[in-house]
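What follows is one structure encoded as structure tokens, with my remarks underneath.
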Amino acid sequence: MSDVLWLSLRVTVLALALVVPMGGAIGWWLSRARGPMRAVLDACVLVPLVLPPSVTGYYLLVLFGAEGALGAPLKSALGVRLVFTPTGAALAAAVVSLPLMAKGAEAAFLRVDRALVEVARANGLRGLTTFRLVTLPLAMPALAVATTITAIRAFGEFGATWTFAGYAEGRTSTAPLELYVALQSGDDARAGHLALVMTGLSAAVAVALGVWGRRSRSS
């Protein structure tokens, strides 16, 4: 079971490497933008959240499969294949969890007191320096919460991963997929152990976030 959990953690870390910078940038832009383009981007960001994960996986397969619009050039030019690979599983988890990071980052940046940003600018700090020294530290606690929730969503991703990356033992057999396969094969004991471990991890994260939230509000 440990190999399945380590693979799931690896896939989650790879997904976060894609999602955190992209979702953070999108969230920052959403918190500042106005007008129709903001509404369009906001709608696009939310699409993976409202689509069934299997449909998201289907579109990923159309785009990044061996014969896909992007998958075929990747395979021919770079020899990169995503189906049945941990990278493919990470891509599926990243796409499904991106809305949580983007909207969480948007909320984090909206909570930053604009008066403090204006004071920093009035004292001669340039835009990037103001962001690094003022905006980002103030938003960091909420960004950390968004990242944690995103990580849990990526860790538990099933539908898009199954449809796009498929099930390959030792390569894409993340904990949720392994749980499904164990149930299908009648291995109830293994399925129960996996379900118990994932429930424990989720509960621990939920409790930690609750404690952190109470301490943040009281400080």
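In the structure tokens, each chain is lettered A, B, ... as it comes, each chain's residues begin at 1, and ligands are numbered from 1 in order of appearance.
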Mind running segment 47-109 of chain A against segment 150-153 of chain A at 8 Å and telling me each contacting residue's nearest atom pair with the distance in Å (one decimal), counting only C-alpha atoms, chain and number ascending, as JSON lines?
{"residue": "A:Ala93", "atom": "CA", "partner": "A:Arg153", "partner_atom": "CA", "distance": 7.8}
{"residue": "A:Ser97", "atom": "CA", "partner": "A:Thr150", "partner_atom": "CA", "distance": 5.6}
{"residue": "A:Leu98", "atom": "CA", "partner": "A:Thr150", "partner_atom": "CA", "distance": 7.4}
{"residue": "A:Leu100", "atom": "CA", "partner": "A:Thr150", "partner_atom": "CA", "distance": 5.8}
{"residue": "A:Met101", "atom": "CA", "partner": "A:Thr150", "partner_atom": "CA", "distance": 5.8}
How about saving the chosen residues, N, CA and C atoms kept, as a compact mmCIF listing (two decimals), in the first residue's frame?
# COMPACT_ATOMS: atom_id res chain seq x y z
N ALA A 93 -5.06 15.65 -12.67
CA ALA A 93 -5.33 16.18 -11.34
C ALA A 93 -5.20 17.69 -11.32
N SER A 97 -8.24 20.38 -10.37
CA SER A 97 -8.09 21.14 -9.13
C SER A 97 -7.75 22.62 -9.37
N LEU A 98 -7.46 23.00 -10.60
CA LEU A 98 -7.10 24.40 -10.89
C LEU A 98 -8.16 25.40 -10.42
N LEU A 100 -10.05 25.46 -7.87
CA LEU A 100 -9.96 25.70 -6.43
C LEU A 100 -8.80 26.63 -6.11
N MET A 101 -7.67 26.43 -6.77
CA MET A 101 -6.51 27.29 -6.52
C MET A 101 -6.76 28.70 -7.04
Would you list, as JSON, numbers by chain, the residues of segment 44-185 of chain A that end up in helix (DSSP H, G or I) under DSSP run on this structure's backbone?
-> {"A": [44, 45, 46, 47, 48, 49, 50, 53, 54, 55, 56, 57, 58, 59, 60, 61, 62, 63, 64, 71, 72, 73, 74, 75, 76, 77, 78, 86, 87, 88, 89, 90, 91, 92, 93, 94, 95, 96, 97, 98, 99, 100, 101, 102, 103, 104, 105, 106, 107, 108, 109, 110, 114, 115, 116, 117, 118, 119, 120, 121, 122, 127, 128, 129, 130, 131, 132, 133, 134, 135, 136, 137, 138, 139, 140, 141, 142, 143, 144, 145, 146, 147, 148, 149, 150, 151, 152, 153, 154, 155, 159, 160, 161, 162, 163, 164, 175, 176, 177, 178, 179, 180, 181, 182, 183, 184]}
Can you check which parts of segment 85-191 of chain A lie within 9 Å of segment 50-71 of chain A? Per residue, the shortest pair of atoms and distance in Å to one decimal, counting only C-alpha atoms, sorted by chain and number, as JSON lines.
{"residue": "A:Gly88", "atom": "CA", "partner": "A:Phe64", "partner_atom": "CA", "distance": 8.8}
{"residue": "A:Leu91", "atom": "CA", "partner": "A:Leu60", "partner_atom": "CA", "distance": 8.7}
{"residue": "A:Ala92", "atom": "CA", "partner": "A:Gly57", "partner_atom": "CA", "distance": 6.7}
{"residue": "A:Val95", "atom": "CA", "partner": "A:Thr56", "partner_atom": "CA", "distance": 8.1}
{"residue": "A:Val96", "atom": "CA", "partner": "A:Pro53", "partner_atom": "CA", "distance": 7.0}
{"residue": "A:Glu157", "atom": "CA", "partner": "A:Pro53", "partner_atom": "CA", "distance": 8.4}
{"residue": "A:Phe158", "atom": "CA", "partner": "A:Pro53", "partner_atom": "CA", "distance": 7.7}
{"residue": "A:Gly159", "atom": "CA", "partner": "A:Ser54", "partner_atom": "CA", "distance": 4.7}
{"residue": "A:Ala160", "atom": "CA", "partner": "A:Gly57", "partner_atom": "CA", "distance": 3.9}
{"residue": "A:Thr161", "atom": "CA", "partner": "A:Gly57", "partner_atom": "CA", "distance": 6.5}
{"residue": "A:Trp162", "atom": "CA", "partner": "A:Gly57", "partner_atom": "CA", "distance": 7.5}
{"residue": "A:Thr163", "atom": "CA", "partner": "A:Gly57", "partner_atom": "CA", "distance": 5.0}
{"residue": "A:Phe164", "atom": "CA", "partner": "A:Gly57", "partner_atom": "CA", "distance": 4.8}
{"residue": "A:Ala165", "atom": "CA", "partner": "A:Gly57", "partner_atom": "CA", "distance": 8.1}
Next, the residues of the selection above should be written as a CSV table (one decimal), in the first residue's frame with C-alpha atoms.
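Output contents, as saved in again_5.csv:
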chain,number,residue,atom,x,y,z
A,88,GLY,CA,-0.5,12.4,-17.4
A,91,LEU,CA,-2.0,16.8,-15.6
A,92,ALA,CA,-5.5,15.4,-15.1
A,95,VAL,CA,-6.8,20.6,-14.5
A,96,VAL,CA,-9.5,19.4,-12.2
A,157,GLU,CA,-8.8,12.9,-8.2
A,158,PHE,CA,-10.3,9.8,-9.9
A,159,GLY,CA,-12.6,10.4,-13.0
A,160,ALA,CA,-10.3,12.5,-15.2
A,161,THR,CA,-7.3,10.4,-14.2
A,162,TRP,CA,-9.0,7.2,-15.1
A,163,THR,CA,-10.3,8.5,-18.4
A,164,PHE,CA,-7.1,10.3,-19.5
A,165,ALA,CA,-4.1,8.6,-17.9
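Proximity of A:Ala115, A:Ala195, A:Ala102, A:Leu46 to Val19 of chain A, computed with only C-alpha atoms, is greatest for A:Ala102.
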Find the spatial neighbours of Ala175 of chain A, counting only C-alpha atoms, within a cut-off of 8 Å - ignore same-chain residues fewer than 2 positions away - and output them as a PyMOL selection string.
-> chain A and resi 4-5+8+156+173+177-179+194+198
With C-alpha atoms retained, export the selected residues as a PDB file, in the first residue's frame.
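Writing the result to part19.pdb gives the following:
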ATOM      1  CA  VAL A   4       0.389   3.474  -3.956  1.00  0.00           C
ATOM      2  CA  LEU A   5       0.451   6.322  -1.422  1.00  0.00           C
ATOM      3  CA  SER A   8      -0.279   9.504  -5.155  1.00  0.00           C
ATOM      4  CA  GLY A 156      -8.314  12.382  -4.455  1.00  0.00           C
ATOM      5  CA  SER A 173      -2.257   3.536  -9.941  1.00  0.00           C
ATOM      6  CA  LEU A 177      -7.809   4.296  -8.790  1.00  0.00           C
ATOM      7  CA  GLU A 178      -6.317   1.489  -6.719  1.00  0.00           C
ATOM      8  CA  LEU A 179      -9.358   1.589  -4.432  1.00  0.00           C
ATOM      9  CA  LEU A 194      -7.083   2.447   1.272  1.00  0.00           C
ATOM     10  CA  MET A 198      -7.503   8.454   2.664  1.00  0.00           C
TER      11      MET A 198
END
Residue neighbourhood Pro21 of chain A, 12 Å, only C-alpha atoms, exclusion window fewer than 5 positions, as a list in words = Ala15, Leu16, Ile26, Gly27, Trp28, Ala94, Leu98, Met101, Ala102, Ala105, Leu143 and Thr147 of chain A
Please save C-alpha atoms of the selected residues as a PDB file, in the first residue's frame.
ATOM      1  CA  ALA A  15       0.028  18.670 -10.077  1.00  0.00           C
ATOM      2  CA  LEU A  16       0.724  21.409  -7.539  1.00  0.00           C
ATOM      3  CA  ILE A  26      -5.062  33.711 -12.567  1.00  0.00           C
ATOM      4  CA  GLY A  27      -6.417  34.519  -9.105  1.00  0.00           C
ATOM      5  CA  TRP A  28      -4.347  37.702  -8.892  1.00  0.00           C
ATOM      6  CA  ALA A  94      -4.014  19.672 -12.103  1.00  0.00           C
ATOM      7  CA  LEU A  98      -7.097  24.396 -10.892  1.00  0.00           C
ATOM      8  CA  MET A 101      -6.512  27.292  -6.517  1.00  0.00           C
ATOM      9  CA  ALA A 102      -7.532  30.122  -8.831  1.00  0.00           C
ATOM     10  CA  ALA A 105      -6.058  32.904  -4.764  1.00  0.00           C
ATOM     11  CA  LEU A 143      -2.971  31.212  -0.316  1.00  0.00           C
ATOM     12  CA  THR A 147      -2.979  25.329  -1.818  1.00  0.00           C
TER      13      THR A 147
END
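Here the question is which of A:Ala168, A:Leu201, A:Ala142, A:Val11 gets nearest to Phe84 of chain A using only C-alpha atoms, and that residue is A:Ala168.
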Given only C-alpha atoms as the counted atoms, nearest of A:Arg114, A:Arg126, A:Lys75, A:Lys103 to Cys44 of chain A |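 Of A:Arg114, A:Arg126, A:Lys75, A:Lys103, the one nearest Cys44 of chain A, counting only C-alpha atoms, is A:Lys103.
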